[in-house]
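final_24.txt (compact mmCIF, C-alpha atoms and all ligand atoms)
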# COMPACT_ATOMS: atom_id res chain seq x y z
CA MET R 1 172.62 60.37 -60.61
CA LYS R 2 172.73 56.55 -60.38
CA VAL R 3 173.88 55.00 -63.66
CA LEU R 4 173.88 51.33 -64.70
CA LEU R 5 176.57 50.21 -67.17
CA THR R 6 175.89 46.99 -69.05
CA GLY R 7 179.18 45.47 -70.21
CA GLY R 8 180.93 47.99 -67.99
CA ILE R 9 184.08 45.88 -67.47
CA GLY R 10 184.91 45.71 -71.19
CA TYR R 11 187.33 47.91 -73.09
CA ILE R 12 185.13 50.97 -73.65
CA GLY R 13 182.89 50.24 -70.68
CA SER R 14 185.76 50.22 -68.16
CA HIS R 15 187.21 53.48 -69.48
CA THR R 16 183.75 55.08 -69.28
CA LEU R 17 183.36 53.68 -65.75
CA VAL R 18 186.58 55.47 -64.74
CA GLU R 19 185.41 58.79 -66.17
CA LEU R 20 181.95 58.52 -64.57
CA LEU R 21 183.44 57.69 -61.15
CA ASP R 22 185.95 60.53 -61.50
CA SER R 23 183.00 62.84 -62.31
CA GLY R 24 181.24 61.84 -59.10
CA TYR R 25 178.55 59.55 -60.51
CA ASN R 26 177.16 56.63 -58.51
CA VAL R 27 177.69 53.67 -60.87
CA ILE R 28 176.41 50.07 -60.90
CA VAL R 29 177.91 47.58 -63.37
CA ILE R 30 176.77 44.29 -64.83
CA ASP R 31 179.11 42.16 -66.94
CA ASN R 32 179.37 38.44 -67.79
CA PHE R 33 183.11 38.54 -68.65
CA TYR R 34 182.42 37.25 -72.17
CA ASN R 35 184.94 39.77 -73.53
CA SER R 36 186.44 41.22 -70.35
CA LYS R 37 188.46 40.13 -67.33
CA PRO R 38 187.47 40.22 -63.63
CA ASP R 39 190.75 41.87 -62.55
CA VAL R 40 189.62 45.07 -64.30
CA ILE R 41 187.20 45.65 -61.38
CA ASP R 42 190.02 46.19 -58.88
CA LYS R 43 192.09 48.11 -61.44
CA VAL R 44 189.26 50.63 -61.90
CA LYS R 45 188.97 51.00 -58.12
CA GLU R 46 192.76 51.54 -57.93
CA ILE R 47 192.69 54.20 -60.67
CA THR R 48 189.74 56.14 -59.22
CA ASN R 49 190.01 55.32 -55.53
CA LYS R 50 186.21 54.97 -55.77
CA ASP R 51 183.92 51.98 -55.18
CA PHE R 52 181.01 50.75 -57.28
CA LYS R 53 178.48 47.92 -57.12
CA PHE R 54 179.14 44.99 -59.47
CA TYR R 55 176.80 42.20 -60.58
CA GLU R 56 178.12 39.28 -62.65
CA GLY R 57 175.51 38.19 -65.16
CA ASN R 58 174.06 38.24 -68.64
CA ILE R 59 171.50 40.94 -69.40
CA CYS R 60 169.50 38.43 -71.45
CA ASP R 61 168.53 37.12 -68.01
CA LYS R 62 165.51 39.23 -66.97
CA LYS R 63 165.78 37.96 -63.39
CA ILE R 64 169.16 39.53 -62.73
CA LEU R 65 168.10 42.82 -64.34
CA GLU R 66 164.96 42.88 -62.17
CA LYS R 67 167.19 42.24 -59.14
CA ILE R 68 169.47 45.14 -60.05
CA PHE R 69 166.58 47.56 -60.64
CA ASN R 70 164.79 46.42 -57.46
CA GLU R 71 167.93 46.82 -55.36
CA ASN R 72 169.06 50.13 -56.85
CA ASN R 73 167.28 53.30 -57.93
CA ILE R 74 168.70 53.27 -61.46
CA GLU R 75 168.12 56.64 -63.17
CA ALA R 76 170.00 56.07 -66.43
CA VAL R 77 171.67 53.24 -68.36
CA ILE R 78 174.70 53.13 -70.65
CA HIS R 79 174.32 49.98 -72.75
CA PHE R 80 177.68 48.55 -73.89
CA ALA R 81 177.01 44.81 -73.59
CA GLY R 82 176.99 42.96 -76.90
CA TYR R 83 179.06 40.87 -79.29
CA LYS R 84 181.21 43.07 -81.54
CA ALA R 85 183.44 41.03 -83.86
CA VAL R 86 182.51 41.73 -87.48
CA GLY R 87 184.14 38.59 -88.90
CA GLU R 88 182.59 36.33 -86.28
CA SER R 89 179.16 37.85 -86.94
CA VAL R 90 179.41 36.83 -90.61
CA LYS R 91 180.19 33.23 -89.62
CA GLU R 92 177.60 33.09 -86.79
CA PRO R 93 174.76 35.56 -87.57
CA LEU R 94 172.14 33.82 -85.40
CA LYS R 95 174.42 34.06 -82.35
CA TYR R 96 174.74 37.81 -82.97
CA TYR R 97 171.06 38.50 -83.64
CA ARG R 98 169.96 36.43 -80.65
CA ASN R 99 172.43 37.93 -78.20
CA ASN R 100 172.54 41.57 -79.25
CA LEU R 101 168.80 41.95 -79.87
CA ASP R 102 167.55 39.73 -77.05
CA SER R 103 169.73 41.45 -74.45
CA THR R 104 168.69 44.92 -75.60
CA LEU R 105 164.96 44.12 -75.67
CA THR R 106 165.16 42.58 -72.20
CA LEU R 107 166.99 45.65 -70.91
CA LEU R 108 164.47 48.07 -72.43
CA GLU R 109 161.49 46.12 -71.05
CA VAL R 110 162.93 46.20 -67.53
CA MET R 111 163.84 49.89 -67.84
CA LYS R 112 160.28 50.70 -68.97
CA LYS R 113 158.78 48.68 -66.13
CA HIS R 114 160.89 50.60 -63.61
CA ASN R 115 160.20 53.95 -65.27
CA CYS R 116 163.90 54.40 -66.10
CA LYS R 117 163.82 56.21 -69.44
CA LYS R 118 167.32 57.64 -69.88
CA LEU R 119 169.60 55.60 -72.15
CA VAL R 120 172.99 56.02 -73.84
CA PHE R 121 173.42 53.36 -76.53
CA SER R 122 176.77 52.10 -77.83
CA SER R 123 176.37 52.15 -81.61
CA SER R 124 178.99 52.18 -84.34
CA ALA R 125 180.08 53.99 -87.49
CA THR R 126 179.58 50.64 -89.17
CA VAL R 127 175.90 51.64 -89.58
CA TYR R 128 177.01 54.02 -92.35
CA GLY R 129 178.32 51.20 -94.54
CA LYS R 130 180.26 52.62 -97.50
CA PRO R 131 179.66 56.39 -97.11
CA GLU R 132 178.60 58.40 -100.17
CA SER R 133 181.12 61.12 -99.25
CA LEU R 134 183.45 62.21 -96.43
CA PRO R 135 183.43 63.36 -93.67
CA ILE R 136 180.40 61.39 -92.51
CA LYS R 137 177.45 63.29 -90.98
CA GLU R 138 174.76 61.81 -88.73
CA ASN R 139 172.06 62.31 -91.38
CA PHE R 140 173.88 60.19 -93.98
CA HIS R 141 172.18 57.13 -95.43
CA LEU R 142 172.45 54.11 -93.12
CA SER R 143 173.25 50.67 -94.50
CA THR R 144 175.21 47.72 -93.18
CA THR R 145 177.35 44.98 -94.71
CA ASN R 146 177.60 42.51 -91.82
CA PRO R 147 175.34 41.04 -89.13
CA TYR R 148 177.15 42.84 -86.31
CA GLY R 149 176.50 46.21 -87.95
CA THR R 150 172.92 45.19 -88.73
CA THR R 151 172.24 44.46 -85.05
CA LYS R 152 173.35 48.01 -84.27
CA LEU R 153 171.11 49.40 -87.02
CA ILE R 154 168.11 47.35 -85.87
CA ILE R 155 168.60 48.49 -82.26
CA GLU R 156 168.77 52.13 -83.40
CA GLY R 157 165.41 51.53 -85.13
CA ILE R 158 163.95 49.93 -81.99
CA LEU R 159 165.00 53.00 -80.00
CA GLN R 160 163.41 55.36 -82.55
CA ASP R 161 160.13 53.42 -82.37
CA LEU R 162 160.27 53.28 -78.57
CA TYR R 163 160.67 57.06 -78.43
CA LYS R 164 157.78 57.57 -80.89
CA SER R 165 155.58 55.44 -78.63
CA ASP R 166 156.60 57.37 -75.51
CA PRO R 167 158.31 60.75 -76.09
CA THR R 168 159.32 61.03 -72.44
CA TRP R 169 162.41 58.89 -73.12
CA ALA R 170 165.84 60.56 -73.31
CA ILE R 171 168.10 58.56 -75.64
CA ALA R 172 171.61 59.32 -76.95
CA ILE R 173 172.89 57.01 -79.70
CA LEU R 174 176.70 57.21 -79.87
CA ARG R 175 178.28 56.06 -83.15
CA TYR R 176 181.89 55.15 -82.39
CA PHE R 177 184.53 55.33 -85.08
CA ASN R 178 187.73 53.39 -84.31
CA PRO R 179 188.54 53.40 -80.59
CA ILE R 180 192.19 52.68 -79.67
CA GLY R 181 194.55 53.60 -76.84
CA ALA R 182 194.34 53.04 -73.09
CA HIS R 183 194.14 54.86 -69.78
CA SER R 184 197.44 56.65 -69.01
CA SER R 185 197.92 54.50 -65.89
CA GLY R 186 198.48 51.44 -68.10
CA LEU R 187 196.19 49.47 -65.80
CA ILE R 188 193.27 49.08 -68.22
CA GLY R 189 193.20 48.82 -72.00
CA GLU R 190 192.18 46.66 -74.91
CA ASN R 191 192.91 43.03 -74.17
CA PRO R 192 190.89 40.81 -76.54
CA ASN R 193 190.34 37.28 -75.27
CA ASP R 194 191.24 35.79 -78.66
CA VAL R 195 193.16 36.61 -81.86
CA PRO R 196 192.64 40.36 -82.51
CA ASN R 197 190.47 41.39 -85.44
CA ASN R 198 191.34 45.06 -85.14
CA LEU R 199 194.47 46.87 -86.25
CA MET R 200 195.94 48.33 -83.05
CA PRO R 201 195.66 45.18 -80.91
CA TYR R 202 197.37 43.31 -83.76
CA ILE R 203 200.16 45.90 -83.97
CA LEU R 204 200.69 45.45 -80.21
CA LYS R 205 201.00 41.67 -80.61
CA VAL R 206 203.68 42.23 -83.28
CA ALA R 207 205.44 44.86 -81.14
CA SER R 208 205.49 42.44 -78.20
CA GLY R 209 206.99 39.70 -80.40
CA GLU R 210 204.00 37.42 -79.90
CA TYR R 211 203.24 37.62 -83.63
CA PRO R 212 206.02 37.89 -86.24
CA CYS R 213 204.37 40.25 -88.72
CA LEU R 214 201.36 42.48 -89.35
CA SER R 215 199.38 41.71 -92.51
CA ILE R 216 198.18 44.95 -94.09
CA PHE R 217 194.97 44.16 -95.93
CA GLY R 218 195.53 45.81 -99.28
CA ASP R 219 197.44 48.87 -100.51
CA ASP R 220 195.32 49.59 -103.59
CA TYR R 221 192.53 51.59 -101.96
CA GLU R 222 191.60 55.10 -103.12
CA THR R 223 193.60 56.75 -100.31
CA HIS R 224 196.78 58.84 -100.03
CA ASP R 225 199.00 55.77 -99.65
CA GLY R 226 196.68 52.99 -100.83
CA THR R 227 196.03 51.54 -97.35
CA GLY R 228 192.69 51.84 -95.56
CA VAL R 229 191.88 55.13 -93.83
CA ARG R 230 189.97 55.25 -90.54
CA ASP R 231 189.08 57.75 -87.83
CA TYR R 232 191.04 56.52 -84.79
CA ILE R 233 189.82 57.99 -81.52
CA HIS R 234 191.45 57.70 -78.09
CA VAL R 235 189.28 55.51 -75.84
CA VAL R 236 189.53 58.11 -73.04
CA ASP R 237 188.12 60.80 -75.37
CA LEU R 238 185.38 58.34 -76.29
CA ALA R 239 184.68 57.65 -72.59
CA LYS R 240 184.39 61.37 -71.88
CA GLY R 241 181.86 61.57 -74.70
CA HIS R 242 179.65 59.18 -72.71
CA VAL R 243 179.84 61.41 -69.64
CA LYS R 244 178.78 64.36 -71.79
CA ALA R 245 175.90 62.27 -73.19
CA ILE R 246 174.73 61.33 -69.69
CA GLU R 247 174.86 65.01 -68.66
CA PHE R 248 172.78 65.88 -71.73
CA ILE R 249 170.03 63.27 -71.27
CA GLU R 250 169.84 64.13 -67.56
CA ASN R 251 168.12 67.37 -68.63
CA ASN R 252 166.82 66.73 -72.16
CA ILE R 253 164.21 64.26 -73.37
CA GLY R 254 164.34 63.24 -77.04
CA ILE R 255 166.41 60.88 -79.21
CA ASP R 256 169.45 61.73 -81.31
CA ALA R 257 172.58 60.14 -82.78
CA TYR R 258 176.11 61.55 -82.45
CA ASN R 259 179.37 60.71 -84.22
CA LEU R 260 182.19 60.14 -81.75
CA GLY R 261 185.29 60.50 -83.90
CA THR R 262 188.17 62.96 -84.32
CA GLY R 263 187.26 64.10 -87.85
CA ILE R 264 190.76 63.08 -89.01
CA GLY R 265 191.41 60.01 -91.18
CA TYR R 266 194.68 58.13 -90.83
CA SER R 267 195.82 55.21 -93.00
CA VAL R 268 197.12 51.86 -91.77
CA LEU R 269 200.66 52.92 -92.72
CA ASP R 270 200.18 56.29 -90.93
CA LEU R 271 199.31 54.39 -87.75
CA VAL R 272 202.19 51.91 -88.11
CA LYS R 273 204.73 54.69 -88.72
CA THR R 274 203.40 56.83 -85.84
CA PHE R 275 203.52 53.82 -83.51
CA GLU R 276 207.17 53.14 -84.48
CA GLN R 277 208.14 56.82 -84.04
CA VAL R 278 206.46 57.14 -80.64
CA THR R 279 207.61 53.81 -79.17
CA GLY R 280 210.90 53.19 -81.00
CA VAL R 281 209.63 49.65 -81.64
CA PRO R 282 209.69 48.42 -85.25
CA VAL R 283 206.52 46.79 -86.60
CA ASN R 284 207.23 44.24 -89.32
CA TYR R 285 204.51 44.12 -91.92
CA LYS R 286 203.64 42.69 -95.32
CA ILE R 287 200.99 43.77 -97.78
CA VAL R 288 198.41 41.05 -98.44
CA GLU R 289 195.07 40.93 -100.26
CA ARG R 290 192.14 43.05 -99.16
CA ARG R 291 189.90 41.85 -96.32
CA PRO R 292 186.36 41.22 -97.64
CA GLY R 293 183.93 43.95 -96.58
CA ASP R 294 186.56 46.61 -95.89
CA ILE R 295 185.91 50.11 -97.24
CA ASP R 296 188.54 52.56 -98.57
CA ALA R 297 188.03 55.38 -96.08
CA CYS R 298 185.84 56.39 -93.16
CA TYR R 299 186.08 59.41 -90.90
CA ALA R 300 183.60 61.54 -88.97
CA ASP R 301 182.21 65.01 -89.07
CA ALA R 302 182.18 65.40 -85.27
CA SER R 303 180.70 68.91 -85.21
CA TYR R 304 177.25 67.82 -84.04
CA ALA R 305 178.58 66.20 -80.85
CA LEU R 306 180.48 69.43 -80.16
CA GLU R 307 177.38 71.54 -80.79
CA LYS R 308 174.89 69.45 -78.77
CA LEU R 309 177.04 67.64 -76.18
CA ASN R 310 179.82 70.22 -75.88
CA TRP R 311 182.26 67.35 -76.50
CA HIS R 312 185.49 67.35 -78.49
CA VAL R 313 188.56 65.16 -78.56
CA GLU R 314 191.76 66.23 -76.78
CA LYS R 315 194.20 63.44 -77.61
CA THR R 316 196.36 62.89 -80.67
CA LEU R 317 197.35 59.81 -82.66
CA GLU R 318 200.70 59.97 -80.85
CA ASP R 319 198.87 59.82 -77.49
CA MET R 320 196.88 56.81 -78.72
CA CYS R 321 200.05 54.96 -79.73
CA ARG R 322 201.95 55.94 -76.56
CA ASP R 323 199.12 54.88 -74.24
CA SER R 324 198.49 51.63 -76.14
CA TYR R 325 202.15 50.68 -75.83
CA ASN R 326 202.25 51.73 -72.16
CA TYR R 327 199.33 49.37 -71.48
CA LEU R 328 201.16 46.56 -73.29
CA LYS R 329 204.25 47.11 -71.13
CA HIS R 330 202.14 46.95 -67.96
CA ASN R 331 200.44 43.71 -68.99
C1 LIG R 401 191.17 49.19 -89.49
C2 LIG R 401 192.03 49.21 -90.75
C3 LIG R 401 191.83 47.23 -92.09
C4 LIG R 401 193.70 44.58 -89.11
C5 LIG R 401 185.95 47.61 -87.04
C6 LIG R 401 184.48 47.33 -87.06
C7 LIG R 401 183.73 48.50 -86.49
C8 LIG R 401 184.28 48.89 -85.14
C9 LIG R 401 185.78 49.14 -85.22
C10 LIG R 401 182.91 47.97 -83.42
C11 LIG R 401 191.31 48.65 -91.97
C12 LIG R 401 193.25 47.38 -91.54
C13 LIG R 401 193.18 45.68 -89.76
C14 LIG R 401 194.86 43.95 -89.63
C15 LIG R 401 194.92 45.57 -91.40
N1 LIG R 401 184.03 47.89 -84.19
N2 LIG R 401 193.78 46.16 -90.88
N3 LIG R 401 195.42 44.47 -90.77
O1 LIG R 401 187.35 47.36 -89.77
O2 LIG R 401 187.63 49.89 -89.52
O3 LIG R 401 186.22 48.67 -87.90
O4 LIG R 401 186.38 47.94 -85.74
O5 LIG R 401 182.07 48.83 -83.41
O6 LIG R 401 182.39 48.12 -86.37
O7 LIG R 401 184.08 47.19 -88.42
O8 LIG R 401 188.68 48.36 -87.84
O9 LIG R 401 190.85 47.81 -86.84
O10 LIG R 401 189.59 45.99 -88.10
O11 LIG R 401 190.64 47.85 -89.37
O12 LIG R 401 195.45 46.01 -92.44
O13 LIG R 401 195.39 42.93 -89.10
O14 LIG R 401 193.16 48.38 -90.55
O15 LIG R 401 191.86 46.78 -93.44
O16 LIG R 401 191.72 49.41 -93.11
P1 LIG R 401 187.49 48.56 -88.90
P2 LIG R 401 189.97 47.42 -87.97
Would it be possible to restate this file's structure as structure tokens?
Ligand code: WQD
Amino acid sequence: MKVLLTGGIGYIGSHTLVELLDSGYNVIVIDNFYNSKPDVIDKVKEITNKDFKFYEGNICDKKILEKIFNENNIEAVIHFAGYKAVGESVKEPLKYYRNNLDSTLTLLEVMKKHNCKKLVFSSSATVYGKPESLPIKENFHLSTTNPYGTTKLIIEGILQDLYKSDPTWAIAILRYFNPIGAHSSGLIGENPNDVPNNLMPYILKVASGEYPCLSIFGDDYETHDGTGVRDYIHVVDLAKGHVKAIEFIENNIGIDAYNLGTGIGYSVLDLVKTFEQVTGVPVNYKIVERRPGDIDACYADASYALEKLNWHVEKTLEDMCRDSYNYLKHN
């Protein structure tokens, strides 16, 4: 099957590209390098020894999408492209609503026109807001606390309405928890273009000596050690979840959402200590005040993805730390 990846050179996109190529899929990629680097293209080809067609461009541009669909018989799309920094979205909401919604609507219009009705959408556990209980199930109440999360929630609603209008679509909404780690080759990984917002990229900057100290945002949460608890998932496990979702929508129309998490919550201090044990590299840290908008704890009930997609994680927190550090050493 011929699959188009939007944002396919980014962190999660590139790891999914590797897994799709390794599984024998014919893949086309569009990316504008807003949050990715061109050298990832050759690194993916080196890892997989496979080729793929690449288009540089912004999917808000209907012309380039029409070109891609006219030049290739696209049968399914995995939609990664979008802005994803929570803090930035609070400062610049219009930029986030314009980009994330405009690009998605343009993509869906072109897909519809070309009768391509199979879609995997990159959503986020952020649509659950502060969960009423744990672990989080797909049927929990959805609410968001920042514009980035709201764009994801709005797009999920657009997809539900699209399916209601035409129940021949096959749509898998994947709600990511906290992706970290890197491909075991060390050739691709998370390499944010600016100061990291997320925990693991920041730990790596401290481990490399680029930053002197990690600030831990609060140790007075209702968790086992007071620091925030999250469901960290290896990016390769997450990528394999996308392959399973593509396999599912290849043969099943309908729309559904799936949690892609491990079902295990680890605290900030758990992650720091595991990273130090696995790598032997100390991570200096200090406890500072809470980050506005952070919740105490968040982790998935991943049983539905196992039941429907036959997907489950294989990697441990130690693997995530080892592979993250291996990527740092290679880059
Ligand atoms: C994890 C924990 C922080 C940085 C975000 C988005 C979510 C998704 C994943 C896209 C928290 C603590 C962090 C630091 C710290 N992204 N922390 N010091 O906030 O759970 O989720 O990324 O879909 O939408 O909201 O991830 O890595 O920022 O924070 O103490 O320098 O680490 O307080 O407890 P988060 P995170």
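Distances from R:Cys116, R:Ile9, R:Ile233, R:Ile158 to ligand LIG 401 (chain R) were compared using all atoms listed in the file, and the smallest one belongs to R:Ile233.
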Padded axis-aligned box of ligand LIG 401 (chain R) (8 Å per side), centre and edge lengths, Å, one decimal, as lines of an AutoDock Vina configuration file:
center_x = 188.8
center_y = 46.4
center_z = -88.4
size_x = 29.4
size_y = 23.0
size_z = 26.0
Within 9 Å of Leu20 (chain R), counting only C-alpha atoms, which residues qualify if same-chain residues fewer than 6 places away don't, as a compact mmCIF listing (two decimals) with C-alpha atoms, in the coordinates of the input?
# COMPACT_ATOMS: atom_id res chain seq x y z
CA VAL R 3 173.88 55.00 -63.66
CA ASN R 26 177.16 56.63 -58.51
CA VAL R 27 177.69 53.67 -60.87
CA ALA R 239 184.68 57.65 -72.59
CA LYS R 240 184.39 61.37 -71.88
CA HIS R 242 179.65 59.18 -72.71
CA VAL R 243 179.84 61.41 -69.64
Exercise. Smallest atom-to-atom distance to Gly157 (chain R): which of R:Cys213, R:Asp256, R:Leu309, R:Glu88, using all atoms listed in the file?
Worked result: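 Checking each of R:Cys213, R:Asp256, R:Leu309, R:Glu88 against Gly157 (chain R), counting all atoms listed in the file, the winner is R:Asp256.
Our summary of the geometry notes that CA of Leu199 (chain R) is positioned 5.2 Å from atom N3 of ligand LIG 401 (chain R).
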Using only C-alpha atoms, which residues sit within 8 Å of Leu5 (chain R) once same-chain residues fewer than 5 positions away are excluded, as a short mmCIF file (atom, residue, chain, number, x, y, z; two decimals) with C-alpha atoms, in the coordinates of the input?
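Written file, out_38.cif:
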data_model
loop_
_atom_site.label_atom_id
_atom_site.label_comp_id
_atom_site.auth_asym_id
_atom_site.auth_seq_id
_atom_site.Cartn_x
_atom_site.Cartn_y
_atom_site.Cartn_z
CA GLY R 13 182.89 50.24 -70.68
CA LEU R 17 183.36 53.68 -65.75
CA VAL R 27 177.69 53.67 -60.87
CA ILE R 28 176.41 50.07 -60.90
CA VAL R 29 177.91 47.58 -63.37
CA ILE R 30 176.77 44.29 -64.83
CA VAL R 77 171.67 53.24 -68.36
CA ILE R 78 174.70 53.13 -70.65
CA HIS R 79 174.32 49.98 -72.75
CA PHE R 80 177.68 48.55 -73.89
#
Would you fill out region 122-131 of chain R with all heavy atoms and return it as an mmCIF file, in the coordinates of the input?
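Saved file selection24.cif follows:
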data_model
loop_
_atom_site.group_PDB
_atom_site.id
_atom_site.type_symbol
_atom_site.label_atom_id
_atom_site.label_comp_id
_atom_site.auth_asym_id
_atom_site.auth_seq_id
_atom_site.Cartn_x
_atom_site.Cartn_y
_atom_site.Cartn_z
ATOM 1 N N SER R 122 175.496 52.286 -77.148
ATOM 2 C CA SER R 122 176.770 52.100 -77.830
ATOM 3 C C SER R 122 176.528 51.604 -79.256
ATOM 4 O O SER R 122 176.320 50.415 -79.478
ATOM 5 C CB SER R 122 177.586 51.064 -77.050
ATOM 6 O OG SER R 122 178.662 50.618 -77.814
ATOM 7 N N SER R 123 176.515 52.553 -80.217
ATOM 8 C CA SER R 123 176.370 52.150 -81.610
ATOM 9 C C SER R 123 177.735 52.267 -82.304
ATOM 10 O O SER R 123 178.767 52.318 -81.646
ATOM 11 C CB SER R 123 175.302 52.997 -82.316
ATOM 12 O OG SER R 123 175.008 52.435 -83.583
ATOM 13 N N SER R 124 177.720 52.284 -83.629
ATOM 14 C CA SER R 124 178.990 52.180 -84.340
ATOM 15 C C SER R 124 178.899 52.843 -85.705
ATOM 16 O O SER R 124 177.845 52.833 -86.338
ATOM 17 C CB SER R 124 179.322 50.692 -84.533
ATOM 18 O OG SER R 124 180.369 50.533 -85.470
ATOM 19 N N ALA R 125 180.008 53.373 -86.153
ATOM 20 C CA ALA R 125 180.080 53.990 -87.490
ATOM 21 C C ALA R 125 179.825 52.944 -88.573
ATOM 22 O O ALA R 125 179.597 53.286 -89.733
ATOM 23 C CB ALA R 125 181.445 54.622 -87.689
ATOM 24 N N THR R 126 179.835 51.705 -88.198
ATOM 25 C CA THR R 126 179.580 50.640 -89.170
ATOM 26 C C THR R 126 178.158 50.738 -89.738
ATOM 27 O O THR R 126 177.868 50.180 -90.790
ATOM 28 C CB THR R 126 179.850 49.265 -88.526
ATOM 29 O OG1 THR R 126 180.151 48.316 -89.529
ATOM 30 C CG2 THR R 126 178.696 48.793 -87.687
ATOM 31 N N VAL R 127 177.271 51.484 -89.058
ATOM 32 C CA VAL R 127 175.900 51.640 -89.580
ATOM 33 C C VAL R 127 175.855 52.502 -90.846
ATOM 34 O O VAL R 127 174.857 52.512 -91.566
ATOM 35 C CB VAL R 127 174.932 52.236 -88.524
ATOM 36 C CG1 VAL R 127 174.844 51.350 -87.298
ATOM 37 C CG2 VAL R 127 175.316 53.658 -88.151
ATOM 38 N N TYR R 128 176.965 53.198 -91.128
ATOM 39 C CA TYR R 128 177.010 54.020 -92.350
ATOM 40 C C TYR R 128 177.396 53.207 -93.586
ATOM 41 O O TYR R 128 177.287 53.715 -94.713
ATOM 42 C CB TYR R 128 178.005 55.183 -92.186
ATOM 43 C CG TYR R 128 177.609 56.202 -91.141
ATOM 44 C CD1 TYR R 128 178.359 56.379 -89.983
ATOM 45 C CD2 TYR R 128 176.468 56.997 -91.307
ATOM 46 C CE1 TYR R 128 178.001 57.308 -89.022
ATOM 47 C CE2 TYR R 128 176.102 57.933 -90.346
ATOM 48 C CZ TYR R 128 176.871 58.077 -89.209
ATOM 49 O OH TYR R 128 176.506 59.012 -88.249
ATOM 50 N N GLY R 129 177.884 51.985 -93.378
ATOM 51 C CA GLY R 129 178.320 51.200 -94.540
ATOM 52 C C GLY R 129 179.396 51.940 -95.318
ATOM 53 O O GLY R 129 180.279 52.549 -94.735
ATOM 54 N N LYS R 130 179.296 51.895 -96.668
ATOM 55 C CA LYS R 130 180.260 52.620 -97.500
ATOM 56 C C LYS R 130 179.706 54.024 -97.725
ATOM 57 O O LYS R 130 178.730 54.175 -98.456
ATOM 58 C CB LYS R 130 180.466 51.892 -98.833
ATOM 59 C CG LYS R 130 181.570 52.486 -99.714
ATOM 60 C CD LYS R 130 181.815 51.608 -100.937
ATOM 61 C CE LYS R 130 182.826 52.221 -101.917
ATOM 62 N NZ LYS R 130 184.165 52.497 -101.323
ATOM 63 N N PRO R 131 180.259 55.050 -97.057
ATOM 64 C CA PRO R 131 179.660 56.390 -97.110
ATOM 65 C C PRO R 131 179.701 56.983 -98.511
ATOM 66 O O PRO R 131 180.635 56.732 -99.267
ATOM 67 C CB PRO R 131 180.516 57.207 -96.142
ATOM 68 C CG PRO R 131 181.825 56.498 -96.057
ATOM 69 C CD PRO R 131 181.529 55.048 -96.296
#
